[in-house]
Each structure stands twice: as structure tokens, then as C-alpha cells.
file structure00.txt (compact mmCIF, C-alpha atoms and all ligand atoms)
# COMPACT_ATOMS: atom_id res chain seq x y z
CA MET A 1 118.32 118.67 101.11
CA SER A 2 121.63 118.63 102.89
CA THR A 3 124.85 117.95 101.04
CA PRO A 4 125.81 114.32 101.36
CA THR A 5 129.01 113.96 103.31
CA MET A 6 128.69 110.28 104.09
CA GLU A 7 128.75 107.29 101.78
CA ALA A 8 125.55 106.88 99.77
CA VAL A 9 123.22 103.91 100.12
CA GLU A 10 121.07 101.96 97.74
CA ILE A 11 117.60 100.83 98.72
CA CYS A 12 115.82 97.95 97.04
CA ASP A 13 112.05 98.18 97.40
CA VAL A 14 110.51 94.79 98.09
CA ALA A 15 106.87 95.85 98.55
CA PRO A 16 105.76 94.12 95.31
CA ARG A 17 107.15 90.82 96.68
CA ASP A 18 107.60 90.73 100.47
CA GLY A 19 104.63 93.09 100.84
CA PHE A 20 102.13 91.82 98.32
CA GLN A 21 102.72 88.14 99.09
CA VAL A 22 100.85 88.44 102.39
CA VAL A 23 97.88 90.40 101.01
CA SER A 24 94.94 88.01 100.80
CA THR A 25 92.74 89.97 98.37
CA TRP A 26 93.94 89.64 94.79
CA ILE A 27 95.81 92.74 93.62
CA PRO A 28 95.15 93.29 89.90
CA THR A 29 98.22 92.82 87.70
CA GLU A 30 97.85 96.41 86.38
CA THR A 31 98.05 97.72 89.93
CA LYS A 32 101.21 95.71 90.61
CA ILE A 33 102.74 97.04 87.41
CA ALA A 34 101.78 100.62 88.33
CA VAL A 35 103.46 100.21 91.73
CA VAL A 36 106.68 98.89 90.16
CA GLU A 37 106.70 101.72 87.63
CA GLY A 38 105.94 104.28 90.36
CA LEU A 39 108.83 103.04 92.47
CA ALA A 40 111.18 103.23 89.49
CA ASP A 41 109.95 106.75 88.79
CA ALA A 42 110.68 107.67 92.42
CA GLY A 43 114.30 106.71 91.84
CA PHE A 44 114.62 103.08 92.97
CA LYS A 45 117.21 101.26 90.89
CA ARG A 46 116.40 97.95 92.53
CA ILE A 47 112.88 96.54 92.88
CA GLU A 48 111.87 92.99 93.81
CA THR A 49 108.85 92.46 91.62
CA GLY A 50 107.57 89.09 92.75
CA ALA A 51 108.37 85.45 93.33
CA PHE A 52 108.35 82.17 91.48
CA VAL A 53 106.71 80.11 94.19
CA SER A 54 103.82 77.68 94.23
CA PRO A 55 100.65 79.64 93.34
CA LYS A 56 98.85 77.20 95.61
CA HIS A 57 100.82 78.39 98.63
CA VAL A 58 101.26 82.06 97.68
CA PRO A 59 98.50 82.85 95.14
CA GLN A 60 99.29 86.59 95.05
CA MET A 61 102.56 85.89 93.21
CA ALA A 62 100.95 83.98 90.32
CA ASP A 63 101.38 86.87 87.85
CA THR A 64 105.04 87.67 88.55
CA ALA A 65 106.15 86.84 85.00
CA GLU A 66 103.59 89.24 83.57
CA VAL A 67 104.42 92.03 86.02
CA HIS A 68 108.08 91.62 85.22
CA ALA A 69 107.60 91.52 81.45
CA THR A 70 105.17 94.42 81.27
CA ALA A 71 106.53 96.98 83.74
CA ASN A 72 108.05 99.81 81.76
CA VAL A 73 111.12 101.07 83.60
CA ALA A 74 114.41 102.69 82.59
CA ASP A 75 117.27 100.41 81.51
CA ASP A 76 119.27 101.08 84.66
CA VAL A 77 116.51 99.80 86.94
CA ARG A 78 117.05 96.20 88.04
CA LEU A 79 113.92 94.12 88.57
CA SER A 80 114.56 90.96 90.54
CA THR A 81 112.49 87.97 91.50
CA LEU A 82 112.55 85.71 94.52
CA ILE A 83 113.04 81.97 94.08
CA PRO A 84 112.95 79.40 96.89
CA ASN A 85 114.30 76.45 94.90
CA LEU A 86 115.63 75.13 91.60
CA ARG A 87 112.18 74.85 90.10
CA GLY A 88 111.55 78.54 90.79
CA ALA A 89 114.86 79.39 89.13
CA GLU A 90 114.00 77.28 86.08
CA ASN A 91 110.61 78.95 85.76
CA ALA A 92 112.02 82.44 86.21
CA LEU A 93 114.81 81.88 83.67
CA ALA A 94 112.30 80.39 81.23
CA ALA A 95 110.23 83.57 81.65
CA GLY A 96 113.29 85.62 80.71
CA ILE A 97 114.11 86.76 84.24
CA SER A 98 117.75 86.38 85.18
CA ASP A 99 118.03 88.66 88.21
CA LEU A 100 117.27 86.17 90.96
CA VAL A 101 117.02 86.22 94.73
CA TYR A 102 117.46 82.76 96.24
CA VAL A 103 116.21 82.43 99.78
CA PHE A 104 116.84 79.97 102.56
CA SER A 105 116.89 80.33 106.34
CA ALA A 106 119.77 80.05 108.78
CA SER A 107 117.51 78.23 111.26
CA GLU A 108 116.29 74.71 110.49
CA SER A 109 112.71 75.09 111.68
CA HIS A 110 112.04 78.26 109.68
CA ASN A 111 113.61 76.75 106.58
CA LYS A 112 111.41 73.68 106.98
CA SER A 113 108.35 75.87 107.44
CA ASN A 114 109.22 78.27 104.59
CA VAL A 115 110.68 76.02 101.91
CA ARG A 116 109.99 72.60 103.41
CA ARG A 117 113.48 71.14 103.49
CA PRO A 118 116.60 71.10 105.67
CA VAL A 119 119.06 73.99 105.39
CA ALA A 120 121.74 71.73 103.91
CA ALA A 121 119.37 70.70 101.11
CA SER A 122 118.64 74.35 100.31
CA ILE A 123 122.33 75.19 100.14
CA GLU A 124 122.96 72.15 97.95
CA GLU A 125 120.19 73.17 95.57
CA LEU A 126 121.71 76.66 95.37
CA GLY A 127 124.62 74.99 93.55
CA GLU A 128 122.17 73.77 90.90
CA VAL A 129 120.66 77.24 90.58
CA ILE A 130 124.13 78.70 90.01
CA ARG A 131 124.89 75.99 87.46
CA ILE A 132 121.80 76.68 85.32
CA GLY A 133 122.06 80.44 85.85
CA ARG A 134 125.56 80.55 84.39
CA ASP A 135 124.13 79.62 81.00
CA HIS A 136 122.45 83.01 80.94
CA ASP A 137 124.65 86.00 80.07
CA ASP A 138 122.92 88.46 82.33
CA PHE A 139 122.48 86.11 85.30
CA LYS A 140 122.65 87.98 88.60
CA LEU A 141 122.30 86.26 91.93
CA ARG A 142 121.47 87.40 95.38
CA VAL A 143 121.23 84.94 98.24
CA ASN A 144 118.96 86.07 101.06
CA ILE A 145 119.64 84.27 104.30
CA ALA A 146 116.48 84.53 106.39
CA THR A 147 116.35 84.32 110.21
CA VAL A 148 119.98 85.42 110.52
CA PHE A 149 119.26 87.02 113.89
CA ASP A 150 116.02 85.56 115.19
CA CYS A 151 113.82 82.61 114.31
CA PRO A 152 110.09 82.62 115.10
CA PHE A 153 110.39 79.04 116.34
CA GLU A 154 113.91 78.84 117.82
CA GLY A 155 114.59 82.40 119.08
CA ARG A 156 118.02 84.00 118.79
CA VAL A 157 120.12 82.35 116.10
CA ASP A 158 123.69 81.49 116.94
CA GLU A 159 126.23 83.56 114.97
CA ASP A 160 128.36 80.52 114.17
CA THR A 161 125.34 78.89 112.52
CA VAL A 162 125.01 81.97 110.31
CA TYR A 163 128.71 82.08 109.45
CA ALA A 164 128.70 78.37 108.62
CA ALA A 165 125.83 78.95 106.17
CA ILE A 166 127.60 81.93 104.58
CA GLU A 167 130.79 79.93 104.23
CA LYS A 168 128.95 77.19 102.33
CA VAL A 169 127.31 79.74 100.03
CA LEU A 170 130.63 81.41 99.28
CA ALA A 171 132.24 78.04 98.57
CA TYR A 172 130.41 78.10 95.23
CA GLY A 173 132.92 80.76 94.32
CA THR A 174 130.58 82.97 92.43
CA SER A 175 130.32 86.73 92.69
CA ILE A 176 127.28 87.26 94.81
CA GLU A 177 125.02 89.60 96.70
CA LEU A 178 124.44 88.35 100.24
CA GLY A 179 121.39 89.42 102.20
CA LEU A 180 121.43 89.23 105.99
CA CYS A 181 117.74 89.18 106.83
CA ASP A 182 115.94 89.93 110.06
CA THR A 183 112.82 88.02 109.04
CA THR A 184 110.93 88.54 112.30
CA GLY A 185 111.93 92.14 113.06
CA ARG A 186 113.01 91.05 116.51
CA ALA A 187 116.74 91.68 116.13
CA LEU A 188 118.21 94.40 118.32
CA PRO A 189 120.51 97.05 116.84
CA ASP A 190 123.72 95.90 118.53
CA HIS A 191 123.05 92.34 117.39
CA VAL A 192 122.54 93.56 113.81
CA ARG A 193 125.76 95.59 113.97
CA ASP A 194 127.78 92.73 115.42
CA VAL A 195 126.66 90.12 112.90
CA CYS A 196 126.95 92.47 109.89
CA ALA A 197 130.41 93.62 110.98
CA GLY A 198 131.40 90.07 111.95
CA ALA A 199 130.36 88.62 108.60
CA MET A 200 132.11 91.33 106.60
CA LYS A 201 135.28 91.00 108.67
CA ARG A 202 135.31 87.24 108.33
CA PHE A 203 134.46 86.97 104.64
CA GLY A 204 135.58 90.34 103.28
CA ARG A 205 133.94 92.31 100.53
CA ASP A 206 135.67 91.07 97.40
CA GLY A 207 132.97 89.80 95.06
CA ILE A 208 130.36 90.10 97.83
CA ASN A 209 127.78 92.85 97.97
CA TRP A 210 126.39 92.73 101.49
CA LEU A 211 122.80 93.71 102.14
CA TYR A 212 120.59 94.15 105.19
CA HIS A 213 116.89 93.25 105.02
CA GLY A 214 114.84 94.24 108.06
CA HIS A 215 111.31 94.20 109.38
CA ASP A 216 109.78 96.74 111.74
CA THR A 217 107.72 94.40 113.93
CA PHE A 218 109.24 95.74 117.15
CA GLY A 219 109.68 99.31 115.89
CA LEU A 220 113.41 98.82 115.40
CA GLY A 221 113.53 98.77 111.61
CA VAL A 222 115.21 102.14 111.10
CA ALA A 223 117.50 101.77 114.12
CA ASN A 224 118.64 98.37 112.90
CA ALA A 225 119.32 99.72 109.40
CA LEU A 226 121.42 102.54 110.88
CA TYR A 227 123.47 100.09 112.92
CA ALA A 228 123.94 97.99 109.78
CA TYR A 229 125.12 101.17 108.01
CA GLU A 230 127.57 101.80 110.85
CA ALA A 231 128.86 98.28 110.36
CA GLY A 232 129.50 99.03 106.67
CA ILE A 233 126.34 97.85 104.88
CA ARG A 234 125.38 100.10 101.95
CA LEU A 235 122.51 98.16 100.38
CA PHE A 236 119.15 97.79 102.12
CA ASP A 237 115.80 96.18 101.48
CA ALA A 238 112.71 98.08 102.54
CA ALA A 239 109.10 98.29 101.42
CA ALA A 240 106.97 101.29 100.53
CA ALA A 241 104.19 101.77 103.13
CA GLY A 242 105.97 99.32 105.43
CA LEU A 243 104.14 96.47 103.82
CA GLY A 244 105.28 92.95 104.31
CA GLY A 245 105.54 89.91 106.46
CA CYS A 246 106.25 86.29 105.96
CA PRO A 247 103.43 83.82 105.39
CA PHE A 248 105.56 81.28 107.31
CA ALA A 249 106.85 83.48 110.17
CA PRO A 250 104.02 83.84 112.66
CA GLY A 251 103.75 87.33 114.13
CA ALA A 252 106.18 89.01 111.74
CA THR A 253 104.81 92.28 110.42
CA GLY A 254 105.92 94.64 107.71
CA ASN A 255 109.28 95.46 106.29
CA THR A 256 110.96 98.63 107.40
CA ALA A 257 109.14 101.36 105.44
CA SER A 258 111.20 102.65 102.51
CA GLU A 259 109.98 106.18 103.19
CA ASP A 260 111.18 106.01 106.81
CA LEU A 261 114.62 104.90 105.68
CA VAL A 262 114.81 107.51 102.91
CA PHE A 263 113.71 110.25 105.33
CA THR A 264 116.31 109.22 107.91
CA PHE A 265 119.24 108.69 105.56
CA GLU A 266 118.61 111.87 103.55
CA ASN A 267 118.30 114.02 106.67
CA MET A 268 121.57 112.54 107.93
CA GLY A 269 123.25 113.59 104.68
CA ILE A 270 123.33 110.07 103.24
CA ASP A 271 122.22 110.06 99.63
CA THR A 272 119.59 107.48 98.63
CA GLY A 273 118.80 108.70 95.11
CA ILE A 274 115.08 108.54 95.98
CA ASN A 275 112.55 111.31 95.58
CA LEU A 276 110.65 111.16 98.89
CA ALA A 277 107.52 112.97 97.63
CA LYS A 278 107.14 110.52 94.75
CA LEU A 279 107.81 107.56 97.03
CA LEU A 280 105.14 108.76 99.46
CA SER A 281 102.57 108.89 96.70
CA VAL A 282 103.36 105.27 95.75
CA ALA A 283 103.12 104.35 99.45
CA GLU A 284 99.66 105.96 99.57
CA THR A 285 98.53 103.89 96.59
CA ILE A 286 99.71 100.74 98.36
CA ALA A 287 98.09 101.72 101.66
CA GLU A 288 94.73 102.16 99.93
CA LEU A 289 94.68 98.59 98.62
CA PRO A 290 92.25 96.31 100.45
CA ASP A 291 93.59 94.00 103.19
CA THR A 292 97.00 95.61 103.44
CA GLN A 293 98.67 95.74 106.81
CA THR A 294 100.79 98.85 106.48
CA GLY A 295 103.46 100.22 108.78
CA GLY A 296 106.04 102.96 109.06
CA HIS A 297 105.71 106.48 110.40
CA ILE A 298 106.55 109.10 107.81
CA ARG A 299 103.52 108.37 105.63
CA ILE A 300 101.10 109.51 108.35
CA VAL A 301 102.97 112.67 109.35
CA PRO A 302 101.59 115.81 107.62
CA ARG A 303 103.33 115.88 104.26
CA GLU A 304 104.66 119.42 104.48
CA ARG A 305 106.44 118.63 107.74
CA VAL A 306 108.11 115.59 106.22
CA LEU A 307 109.19 117.23 103.01
CA SER A 308 110.41 120.48 104.55
CA ALA A 309 112.65 118.46 106.85
CA ALA A 310 114.12 116.51 103.94
ZN ZN B 1 111.24 89.97 104.69
call {"tool": "encode", "arguments": {"input": "structure00.txt", "output": "C-alpha cells"}}
result
Amino acid sequence: MSTPTMEAVEICDVAPRDGFQVVSTWIPTETKIAVVEGLADAGFKRIETGAFVSPKHVPQMADTAEVHATANVADDVRLSTLIPNLRGAENALAAGISDLVYVFSASESHNKSNVRRPVAASIEELGEVIRIGRDHDDFKLRVNIATVFDCPFEGRVDEDTVYAAIEKVLAYGTSIELGLCDTTGRALPDHVRDVCAGAMKRFGRDGINWLYHGHDTFGLGVANALYAYEAGIRLFDAAAAGLGGCPFAPGATGNTASEDLVFTFENMGIDTGINLAKLLSVAETIAELPDTQTGGHIRIVPRERVLSAA
């Protein structure tokens, strides 16, 4: 491995949430737990383990509380959970989970399709989530803004729309992690760079941990992440085996594969803290599950070629 000379990155693996949520065949709870533990063992300090959403709409996430409570990981590994509304936050907090990822979309039609309400209502409800979260000592909040670049229904999303949404989120005045999400995977690298750089320039970095979440639908997942890195982003979402999608974003395929990002960053001298061989074995486990639509490249290259390069 080359000596890191550039600023390190952190990768949050979202396969157990963004990936598993679109798998139609039930994945046994023990398997989900084994994946979370395997990712932690590979070196991930951030893992999104599931979501508190309606089991009627996303049945695969019904056992999130159990996965979260049972997974045995080191103390420095943060397990977070996605919530689309106040009810999800209440349920997660009641289950003892205080590391929350609140999601809404920058574009109206995707927000309506995904969480069935206008954007303004989602941002208003975020205030309620922050209010109840503050009663919990270890409350941590990330806000993922979906369709920051492209909406499956409206196309390219106007930057001012995105900045207006960010401004409203930041008006709550809480220290926050802010995810700029390419939900459809259709963003182009220069667009990703411009919006990431634009948002950070406009709103600064004090009390804000900026994150880029990308999909690889158009084969641009790694390129987009690199442009986000160039813009100053140091925290990324990705999913082992390139699993993922959005049940409410037609045509969107998997997240950028964690192993592709780790391979690229590490070979560029950018430390990820992840053991690629261990990550690849977790990715294999995921790829062998029934009904999974996997993606990425590194996993299917002969292993010795991948690991000798890293
Ligand atoms: Zn996603």
C-alpha cells in the first residue's frame, strides 16, 4: 500500500439499508447482522444498518431494531438508521437508536413519491425530529438531501433549489452532517464538483460535516466521488457489492461499490482505513444472496490482481 500523502476519507457503508431495502426476497436477520459485523471487521467506522419506515412499503427493513441491537461491533463503530419522518425518529429512539439519518428530497416530485409530502413539510418535520432528539444525550443527526443533482421525474435539479433547502436545514442551528445525494446516479462529475464546492463555499464547514452519496447507474459513481473529493468532501456513502437503489426512483441502480471506492482511493494514496480483502469477502456474501442486483467492478476482477495493486 502506498503511503498516504493526501487527506484521508471516511466511507460509510449503506448496503444493509440502501442495498437491502430493494431486495424482494427476505434476508434473514442473522445474515443482516453478519454483514454488519463483517463490514465493521473490515474497518468501516460508519454503517447504515437499516431504516424505520413502514414495513408495509419496505418490508425488508422490518427487523432494523433487532439488527441494530444484536450486531456486535467495536465501540468506535457508529451504526446509524434512516428515518423519513417524525414517526420513524420516535420509533428509532424508542428502540435505543440515536444515530439517525433523516431523508428528504430537493425535488418536489421525488419527495412526494418517496415520503409522500411536500418538501417544506419534510423540512418542518425535521425541526420536530431535532426537538425530540435533543432529549437523548448521544443524539447524532445526519440529513440526507436526495435528488440534489437529478430527479427521476423532473431531471436536473436547480442549484438554487438545493441551496434553499440546505439553508432551511441549517436554520435549525444544530451541528449536523449534511449528505448531498445523487439518488439516480445520473449526475455528471463537473456537476457534482460544482454543487459540492458551491454548498461548502456558501455555508462553510463550521458544525457541518459534508458527505457525498452516489449511485453508479451510469457508471460514474467513482468519478463523481473523486470530483466530490476534489471539491473538499471527505465523507462518502457507498455499498459493498454495489447494492442499492431506491424503491421510489425508477431506473436507479446500485450505490457506488464500496470496494471500487476503497480500491481507487487507496491506490491514489488516500487512506480509507478499510481492509480491501475483508471488504471483498463481505461483498461476495452479499452478491450470493437471492434477488440481489449487484454492481461495481473490483469484485469481479481476479482477486490477486486487485490486491496486488492495492
Ligand atoms: Zn441512495
call {"tool": "closest_residue", "arguments": {"input": "structure00.txt", "among": "A:Arg46, A:Arg17, A:Lys32, A:His68", "to": "Leu235 of chain A", "atoms": "all atoms listed in the file"}}
result
A:Arg46
call {"tool": "residues_near_ligand", "arguments": {"input": "structure00.txt", "ligand": "ligand ZN 1 (chain B)", "cutoff": "8 Å", "atoms": "all atoms listed in the file", "output": "list of chain:residue names"}}
result
A:Asp18, A:Ala146, A:Cys181, A:Asp182, A:Thr183, A:Thr184, A:His213, A:Gly214, A:His215, A:Gly244, A:Gly245, A:Cys246, A:Gly254, A:Asn255
call {"tool": "atom_distance", "arguments": {"input": "structure00.txt", "atom1": "atom CA of Ile132 of chain A", "atom2": "atom CA of Ala106 of chain A"}}
result
23.8 Å
call {"tool": "closest_residue", "arguments": {"input": "structure00.txt", "among": "A:Ile166, A:Ile11, A:Val23, A:Ile233", "to": "Pro290 of chain A", "atoms": "all atoms listed in the file"}}
result
A:Val23
call {"tool": "closest_residue", "arguments": {"input": "structure00.txt", "among": "A:Asn114, A:Asn72, A:Ser258, A:Ser107", "to": "Gly38 of chain A", "atoms": "only C-alpha atoms"}}
result
A:Asn72
call {"tool": "atom_distance", "arguments": {"input": "structure00.txt", "atom1": "atom CA of Ser80 of chain A", "atom2": "atom CA of Ala257 of chain A"}}
result
19.0 Å
call {"tool": "atom_distance", "arguments": {"input": "structure00.txt", "atom1": "atom CA of Asn85 of chain A", "atom2": "atom CA of Ser122 of chain A"}}
result
7.2 Å
call {"tool": "closest_residue", "arguments": {"input": "structure00.txt", "among": "A:Ala89, A:Val306, A:Pro16, A:Ser113", "to": "His57 of chain A", "atoms": "all atoms listed in the file"}}
result
A:Ser113
call {"tool": "closest_residue", "arguments": {"input": "structure00.txt", "among": "A:Ile33, A:Ala42, A:Leu180, A:Ala15", "to": "Gly273 of chain A", "atoms": "only C-alpha atoms"}}
result
A:Ala42
call {"tool": "closest_residue", "arguments": {"input": "structure00.txt", "among": "A:Arg87, A:Arg116, A:Arg134, A:Lys278", "to": "Val35 of chain A", "atoms": "all atoms listed in the file"}}
result
A:Lys278
call {"tool": "residues_around", "arguments": {"input": "structure00.txt", "residues": "Asp160 of chain A", "least_positions_apart": "2", "cutoff": "12 Å", "atoms": "all atoms listed in the file", "output": "list in words"}}
result
Ala106, Ser107, Val148, Phe149, Arg156, Val157, Asp158, Val162, Tyr163, Ala164, Ala165, Ile166, Glu167, Val195, Gly198, Ala199 and Arg202 of chain A
call {"tool": "residues_near_point", "arguments": {"input": "structure00.txt", "point": "(120.0, 98.6, 101.8)", "cutoff": "9 Å", "atoms": "all atoms listed in the file", "output": "list in words"}}
result
Val9, Glu10, Ile11, Cys12, Trp210, Leu211, Tyr212, His213, Ala225, Ala228, Tyr229, Ile233, Arg234, Leu235, Phe236, Asp237 and Ala238 of chain A
